[in-house]
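K.L.:
The structure's right below; bear with me while I get my questions together.
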Amino acid sequence: MKTCFAVLAATVGLCAPVLAQAAPPPASAFGRIPAIVTADLSPDGRRVAILGGASDQRFVSIATVDQPDLPVVPLGAVEGVGLRWIGNDFVAARVAVLDKLAPRQEYRLERNISISAQGQVLNALLGKDSLSRYIIEQPVLGVTAAAPARAMVEGLVLSSGPSGDINTKIARKGVDNPFLVALWSVDPKTGVGTLAERGDYDTAYWEVDSTGQARVRLEIDQISHEFSVMGRAKGARQWSQVWKGGDFDSRRSYMGYSEPDDAIYLALDGRVMLKNLTSGASTPIGPVLTNTNPVLVWDENRNTAVGVETGGEKPVRDWLDPEVGGVHASLSRVFKDKDVELRGWSVDRTRYVARVTSPSAPPVWYLFDKARKELSPLGEEYPELKDAVLGTTRWITYKARDGLEIPAYLTLPPGAPAKGAKAPLIVLPHGGPGSRDTYEFDFLAQFLATRGYAVLQPQFRGSWGFGKAFEDAGNGQWADKMQTDLLDGIAAVAASGDADPARTCIVGASYGGYAALAGAAFHPEAYRCAAAIAGVSDLGLLSVEQARLYGRDSGSMQEFRKMLGGAPSAKILASSPVHQVAGIRAPILLIHGDKDTVVPIEQSLNMAEALKAAGKPVEMVTLADENHYLTRTATRTQMLEALGAFLAKNLPVQP
């Protein structure tokens, strides 16, 4: 195996040796922002761009693979999101910033910064467009293959305004929205775009081919919220409806556009289907789907899927393209018991970028040269944890009290016996709730494990990834069965002897923070303490915030109501921990960023005030200049240190 790129290591210390430590690594080793956010190969395979940094100051480095050349481009204290090459001469760095676009509201905005292959910052894509600055996200929908390459970017144009008598009571589209989404063809050198497609009030997204032509248009009816897929086959001039889902939730059945097949991918009736835009014929691909949600592995150079990813504990990839599948199989044999994720490859498929990780192994990035059979490390996401002794994780399943099978990850402290550890337990429900934990390094779970705790991460009903029926089983169950799923997990690890049910705390972030507060309020006998990070305490207030952000009659609001089960006001009140503090007996820790635009800090401030008024023990930690995703090293470390001290006080490892 080759050594790390020398100049890259000198720049950010990604490959610096870390001495073995008898004591667990400090909180800062887990709290650091990953040194590599992502890496991407240029289409010709000659350059690899890396987005990362040794501190909160993010940068892009562009390494010429066969020459000792490494431009390093500082981006400043921004949140790094992603990278995408625009041809071989430009790379777009996707970053997020907070901006106060309206008098009283701050927004997290994602933007694309164009950088030359020589390391010169050029501009922001559509940065000079006065209307597109109001779009929250700004996705690059595609890149043209022919030189000079152009980026196809979603932006905004002015609508023509509502029509008709202003006194009408008939529902009309676009009354509250002066903008329409639009598809722009953008020159990466100047950042200036030309209008390629103008949407209407129902347009949500486009898919484009390698010439920049829009082939698919996704629509969500602004009144009925019905989702539909419009197609324009190669050679056709008019749009026609290819598939209609019927409701807002059905949009998740659409999986993408395949240019070689001139067809769309749909997840329907237990299969991934390839539906041709011209004939309408459907062909099943990949495996039969049983209690799982598929994800496509994508080839951005050819604009088609090369694999279907499913799986419970670990990702299982059924390769549609044997060439890419063969490379993955070879690397998987090298990295046994770890997940190898191919993040991109050159057009000729001779060079690949891979991310390798497991629950007990922080991610490492590699460049694989197939022709030379060389594997070169690009760097580590958590370099201070290199060679650290971490907890061991295994996959378990248990029966909920109503018979539903619940999967979970269980991480035991370093050095604990494989069975019968009897460690104090942290229940760590994930956010979402329509999300899931995955087979990769989790900095929070491993931080807790290295402090001596067993960590249970239940994939409770309502979690994504285990089929639609499993996810729908969580609707209306936030304070009910989703809570008892956690209690049944505690009972399962107690029965196996892995944890002490009498010494249990619950910790979570976002929805997981709600679950922690709800657990303390509705099941006080189960937990010695609870910690909520950016957590929800008031479902009524959250509903108001969601309506303000998306519109009271929007599809997003409709979906949120569905998650709550269409609960009446009385149940929302009864399910909100802020209104149920009388039942809380355990000490509570609240941690929240003051720049959180997803779950505003008022959710924690109001909870702290209610607990204090009721004479309940509570600590409140405010993370200055931090957002919902904890994207700053100092504040992420502050969170871990506060949590570690709180647990040491209320759930000491040595009873």
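Identifiers in the structure tokens: chain A, B, ... in order shown; residue index from 1 per chain; ligand index from 1 in order shown.
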Find the residues near Thr350 (chain A): any atom within 8 Å, counting only C-alpha atoms, skip ones fewer than 6 places away on the same chain, and give them as a compact mmCIF listing (two decimals) with N, CA and C atoms, in the first residue's frame.

P.N.:
# COMPACT_ATOMS: atom_id res chain seq x y z
N GLY A 45 -9.69 11.47 -14.35
CA GLY A 45 -8.95 10.72 -13.34
C GLY A 45 -7.61 11.32 -12.97
N ASP A 369 -6.02 2.83 -7.82
CA ASP A 369 -5.64 2.80 -9.23
C ASP A 369 -5.73 1.35 -9.69
N LYS A 370 -6.75 1.04 -10.48
CA LYS A 370 -7.01 -0.33 -10.88
C LYS A 370 -5.90 -0.88 -11.77
N ALA A 371 -5.43 -0.06 -12.72
CA ALA A 371 -4.40 -0.54 -13.65
C ALA A 371 -3.10 -0.85 -12.93

K.L.:
Skipping near chain neighbours, those fewer than 4 positions away, what residues fall within 12 Å of Ala648 (chain A) using only C-alpha atoms, listed as a ChimeraX atom specification?

P.N.:
/A:424,448,451-453,505,528-529,640-644,652-655

K.L.:
Can you pull out every residue within 8 Å of Glu341 (chain A), counting only C-alpha atoms, but drop anything in the same chain fewer than 5 positions away, and send it as a list in words?

P.N.:
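Answer for this query is His328, Ala354, Arg355 and Val356 of chain A.
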
K.L.:
Which one of A:Tyr257, A:Phe59, A:Tyr134, A:Phe179 sits closest to Val121 (chain A) if you count only C-alpha atoms?

P.N.:
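Closest to Val121 (chain A), using only C-alpha atoms: A:Phe59.
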
K.L.:
Could you check which of A:Lys481, A:Arg552, A:Arg503, A:Arg252 is closest to Phe522 (chain A), using only C-alpha atoms?

P.N.:
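Going through A:Lys481, A:Arg552, A:Arg503, A:Arg252 one by one, the smallest distance to Phe522 (chain A) is for A:Lys481.
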
K.L.:
Pick out the residues sitting within 8 Å of Val78 (chain A), and hand them over as a PyMOL selection string; count only C-alpha atoms, and ignore anything fewer than 3 positions along from it in its own chain.

P.N.:
chain A and resi 56-58+75+95-97

K.L.:
Per residue of region 499-530 of chain A within 10 Å of region 582-598 of chain A, which atom pair is closest and at what distance in Å (one decimal), using only C-alpha atoms, listed by chain and increasing number, as a Markdown table?

P.N.:
| residue | atom | partner | partner_atom | distance |
| --- | --- | --- | --- | --- |
| A:Cys505 | CA | A:Ala586 | CA | 9.1 |
| A:Ile506 | CA | A:Ile588 | CA | 9.9 |
| A:Val507 | CA | A:Leu589 | CA | 9.2 |
| A:Ala509 | CA | A:Ile591 | CA | 9.1 |
| A:Ser510 | CA | A:Val598 | CA | 8.8 |
| A:Gly513 | CA | A:Leu590 | CA | 8.7 |
| A:Ala516 | CA | A:Ile588 | CA | 9.2 |
| A:Leu517 | CA | A:Ile588 | CA | 8.0 |
| A:Ala518 | CA | A:Ile584 | CA | 9.1 |
| A:Gly519 | CA | A:Ile584 | CA | 8.9 |
| A:Ala520 | CA | A:Ile584 | CA | 5.5 |
| A:Ala521 | CA | A:Ile584 | CA | 4.6 |
| A:Phe522 | CA | A:Gly583 | CA | 6.7 |
| A:His523 | CA | A:Gly583 | CA | 8.3 |
| A:Pro524 | CA | A:Ile584 | CA | 5.9 |
| A:Glu525 | CA | A:Arg585 | CA | 8.4 |
| A:Ala526 | CA | A:Ala586 | CA | 9.6 |
| A:Tyr527 | CA | A:Ala586 | CA | 6.8 |
| A:Arg528 | CA | A:Ala586 | CA | 5.4 |
| A:Cys529 | CA | A:Ala586 | CA | 4.7 |
| A:Ala530 | CA | A:Ile588 | CA | 5.1 |

K.L.:
Check the DSSP output for the backbone and give back, as an MDAnalysis selection string, the residues of region 357-556 of chain A in alpha helix (DSSP H).

P.N.:
chainID A and resid 443:450 468:472 481:495 511:522 539:550 555:556

K.L.:
Keeping only C-alpha atoms, take the residues you just selected and write them out as a PDB file, in the first residue's frame.

P.N.:
ATOM      1  CA  PHE A 443     -18.709   9.873  17.011  1.00  0.00           C
ATOM      2  CA  LEU A 444     -21.315  10.264  19.777  1.00  0.00           C
ATOM      3  CA  ALA A 445     -21.856   6.527  20.324  1.00  0.00           C
ATOM      4  CA  GLN A 446     -18.106   5.867  20.447  1.00  0.00           C
ATOM      5  CA  PHE A 447     -17.475   8.824  22.749  1.00  0.00           C
ATOM      6  CA  LEU A 448     -19.984   7.331  25.204  1.00  0.00           C
ATOM      7  CA  ALA A 449     -18.582   3.800  24.814  1.00  0.00           C
ATOM      8  CA  THR A 450     -15.023   4.955  25.552  1.00  0.00           C
ATOM      9  CA  LYS A 468     -42.842   1.349   4.233  1.00  0.00           C
ATOM     10  CA  ALA A 469     -45.023  -0.656   6.643  1.00  0.00           C
ATOM     11  CA  PHE A 470     -42.358  -0.365   9.355  1.00  0.00           C
ATOM     12  CA  GLU A 471     -42.008   3.377   8.797  1.00  0.00           C
ATOM     13  CA  ASP A 472     -45.773   3.960   8.719  1.00  0.00           C
ATOM     14  CA  LYS A 481     -45.185   2.793  20.797  1.00  0.00           C
ATOM     15  CA  MET A 482     -42.025   4.550  19.637  1.00  0.00           C
ATOM     16  CA  GLN A 483     -41.319   5.066  23.320  1.00  0.00           C
ATOM     17  CA  THR A 484     -42.125   1.505  24.364  1.00  0.00           C
ATOM     18  CA  ASP A 485     -39.865   0.241  21.569  1.00  0.00           C
ATOM     19  CA  LEU A 486     -37.019   1.859  23.510  1.00  0.00           C
ATOM     20  CA  LEU A 487     -38.136   0.287  26.784  1.00  0.00           C
ATOM     21  CA  ASP A 488     -38.320  -3.132  25.135  1.00  0.00           C
ATOM     22  CA  GLY A 489     -34.747  -2.615  23.921  1.00  0.00           C
ATOM     23  CA  ILE A 490     -33.620  -1.956  27.486  1.00  0.00           C
ATOM     24  CA  ALA A 491     -35.307  -5.188  28.568  1.00  0.00           C
ATOM     25  CA  ALA A 492     -33.600  -7.112  25.758  1.00  0.00           C
ATOM     26  CA  VAL A 493     -30.054  -6.037  26.657  1.00  0.00           C
ATOM     27  CA  ALA A 494     -30.824  -6.575  30.319  1.00  0.00           C
ATOM     28  CA  ALA A 495     -31.917 -10.145  29.561  1.00  0.00           C
ATOM     29  CA  TYR A 511     -36.174  13.891  17.254  1.00  0.00           C
ATOM     30  CA  GLY A 512     -33.894  11.809  19.480  1.00  0.00           C
ATOM     31  CA  GLY A 513     -33.915  14.778  21.861  1.00  0.00           C
ATOM     32  CA  TYR A 514     -37.706  14.660  21.871  1.00  0.00           C
ATOM     33  CA  ALA A 515     -37.531  10.925  22.600  1.00  0.00           C
ATOM     34  CA  ALA A 516     -35.180  11.595  25.527  1.00  0.00           C
ATOM     35  CA  LEU A 517     -37.459  14.232  27.068  1.00  0.00           C
ATOM     36  CA  ALA A 518     -40.573  12.130  26.409  1.00  0.00           C
ATOM     37  CA  GLY A 519     -38.904   9.121  28.018  1.00  0.00           C
ATOM     38  CA  ALA A 520     -38.148  11.130  31.150  1.00  0.00           C
ATOM     39  CA  ALA A 521     -41.688  12.546  31.242  1.00  0.00           C
ATOM     40  CA  PHE A 522     -43.752   9.450  30.416  1.00  0.00           C
ATOM     41  CA  LEU A 539     -45.120  19.623  19.363  1.00  0.00           C
ATOM     42  CA  GLY A 540     -47.653  22.428  19.111  1.00  0.00           C
ATOM     43  CA  LEU A 541     -44.930  25.039  18.757  1.00  0.00           C
ATOM     44  CA  LEU A 542     -43.130  22.803  16.257  1.00  0.00           C
ATOM     45  CA  SER A 543     -46.332  22.586  14.196  1.00  0.00           C
ATOM     46  CA  VAL A 544     -46.581  26.368  14.123  1.00  0.00           C
ATOM     47  CA  GLU A 545     -42.925  26.636  13.063  1.00  0.00           C
ATOM     48  CA  GLN A 546     -43.402  24.038  10.318  1.00  0.00           C
ATOM     49  CA  ALA A 547     -46.462  25.882   9.024  1.00  0.00           C
ATOM     50  CA  ARG A 548     -44.545  29.177   8.985  1.00  0.00           C
ATOM     51  CA  LEU A 549     -41.642  27.636   7.058  1.00  0.00           C
ATOM     52  CA  TYR A 550     -43.559  25.559   4.512  1.00  0.00           C
ATOM     53  CA  GLY A 555     -47.353  18.995   1.286  1.00  0.00           C
ATOM     54  CA  SER A 556     -44.561  19.166   3.878  1.00  0.00           C
TER      55      SER A 556
END

K.L.:
Which distance in Å separates CA of Trp184 (chain A) and CA of Glu300 (chain A), to one decimal?

P.N.:
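Computing it gives 18.9 Å between the two atoms.
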
K.L.:
May I ask for the distance between CA of Gly87 (chain A) and CA of Asn301 (chain A), given in Å to one decimal place?

P.N.:
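Calculated distance between CA of Gly87 (chain A) and CA of Asn301 (chain A) is 10.0 Å.
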
K.L.:
Would you work out the distance separating CA of Glu405 (chain A) from CA of Pro362 (chain A), expressed in Å to one decimal?

P.N.:
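Separating CA of Glu405 (chain A) from CA of Pro362 (chain A) is a distance of 29.2 Å.
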
K.L.:
Could you give me, as a CSV table (one decimal) with N, CA, C and O atoms, in the first residue's frame, each residue of region 203-239 of chain A that DSSP assigns to strand (DSSP E) when run on this structure's backbone?

P.N.:
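states29.csv, freshly written:
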chain,number,residue,atom,x,y,z
A,203,THR,N,-43.8,22.8,-10.3
A,203,THR,CA,-42.4,22.2,-10.6
A,203,THR,C,-41.6,22.1,-9.4
A,203,THR,O,-41.5,23.1,-8.6
A,204,ALA,N,-41.0,21.0,-9.1
A,204,ALA,CA,-40.1,20.8,-8.0
A,204,ALA,C,-38.6,20.6,-8.3
A,204,ALA,O,-37.7,21.0,-7.6
A,205,TYR,N,-38.4,19.9,-9.5
A,205,TYR,CA,-37.0,19.4,-9.8
A,205,TYR,C,-37.0,19.0,-11.2
A,205,TYR,O,-38.0,18.7,-11.8
A,206,TRP,N,-35.8,18.9,-11.8
A,206,TRP,CA,-35.5,18.4,-13.1
A,206,TRP,C,-34.4,17.3,-13.0
A,206,TRP,O,-33.6,17.3,-12.1
A,207,GLU,N,-34.4,16.4,-14.0
A,207,GLU,CA,-33.3,15.6,-14.3
A,207,GLU,C,-32.8,15.9,-15.7
A,207,GLU,O,-33.6,16.1,-16.6
A,208,VAL,N,-31.5,16.0,-15.9
A,208,VAL,CA,-31.0,16.4,-17.2
A,208,VAL,C,-30.0,15.3,-17.7
A,208,VAL,O,-29.5,14.5,-17.0
A,214,ALA,N,-33.2,18.9,-20.3
A,214,ALA,CA,-34.1,18.3,-19.3
A,214,ALA,C,-34.9,17.2,-19.8
A,214,ALA,O,-35.6,17.3,-20.9
A,215,ARG,N,-34.8,16.0,-19.2
A,215,ARG,CA,-35.5,14.8,-19.6
A,215,ARG,C,-36.7,14.5,-18.7
A,215,ARG,O,-37.6,13.8,-19.1
A,216,VAL,N,-36.6,14.9,-17.4
A,216,VAL,CA,-37.6,14.5,-16.4
A,216,VAL,C,-37.9,15.8,-15.7
A,216,VAL,O,-37.0,16.6,-15.3
A,217,ARG,N,-39.2,16.0,-15.4
A,217,ARG,CA,-39.6,17.1,-14.5
A,217,ARG,C,-40.5,16.6,-13.4
A,217,ARG,O,-41.5,15.9,-13.7
A,218,LEU,N,-40.1,16.8,-12.2
A,218,LEU,CA,-40.9,16.3,-11.1
A,218,LEU,C,-41.9,17.4,-10.6
A,218,LEU,O,-41.5,18.6,-10.5
A,219,GLU,N,-43.1,17.0,-10.4
A,219,GLU,CA,-44.2,18.0,-10.1
A,219,GLU,C,-44.9,17.6,-8.8
A,219,GLU,O,-45.2,16.4,-8.6
A,220,ILE,N,-45.2,18.6,-8.0
A,220,ILE,CA,-46.1,18.4,-6.8
A,220,ILE,C,-47.2,19.4,-6.9
A,220,ILE,O,-46.9,20.6,-6.9
A,227,PHE,N,-48.1,13.9,-6.4
A,227,PHE,CA,-46.8,13.9,-7.1
A,227,PHE,C,-46.9,13.2,-8.4
A,227,PHE,O,-47.6,12.2,-8.6
A,228,SER,N,-46.2,13.7,-9.4
A,228,SER,CA,-46.2,13.1,-10.7
A,228,SER,C,-44.8,13.3,-11.4
A,228,SER,O,-44.1,14.3,-11.0
A,229,VAL,N,-44.5,12.5,-12.3
A,229,VAL,CA,-43.3,12.5,-13.1
A,229,VAL,C,-43.6,12.8,-14.5
A,229,VAL,O,-44.3,12.0,-15.2
A,230,MET,N,-43.1,13.9,-15.0
A,230,MET,CA,-43.3,14.3,-16.4
A,230,MET,C,-42.0,13.9,-17.2
A,230,MET,O,-40.9,14.1,-16.7
A,231,GLY,N,-42.1,13.4,-18.4
A,231,GLY,CA,-40.9,13.0,-19.1
A,231,GLY,C,-40.9,13.6,-20.5
A,231,GLY,O,-42.0,13.9,-21.1

K.L.:
If we count only C-alpha atoms and set the cut-off at 9 Å, which residues sit around Trp85 (chain A), ignoring sequence neighbours fewer than 3 positions away in its own chain? Please answer as a PyMOL selection string.

P.N.:
chain A and resi 40-43+49+88-93+143

K.L.:
Neighbouring residues of Pro284 (chain A) were defined as those with any atom within 12 Å, considering only C-alpha atoms; residues of the same chain fewer than 3 positions away were excluded. Please report them as a PyMOL selection string.

P.N.:
chain A and resi 264-276+281+287-289+308+320

K.L.:
Let me make sure I understand: among A:Glu609, A:Glu309, A:Asp625, A:Asp442, which one has the smallest atom-to-atom distance to Thr393 (chain A) if we use only C-alpha atoms?

P.N.:
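Counting only C-alpha atoms, the residue closest to Thr393 (chain A) is A:Asp442.
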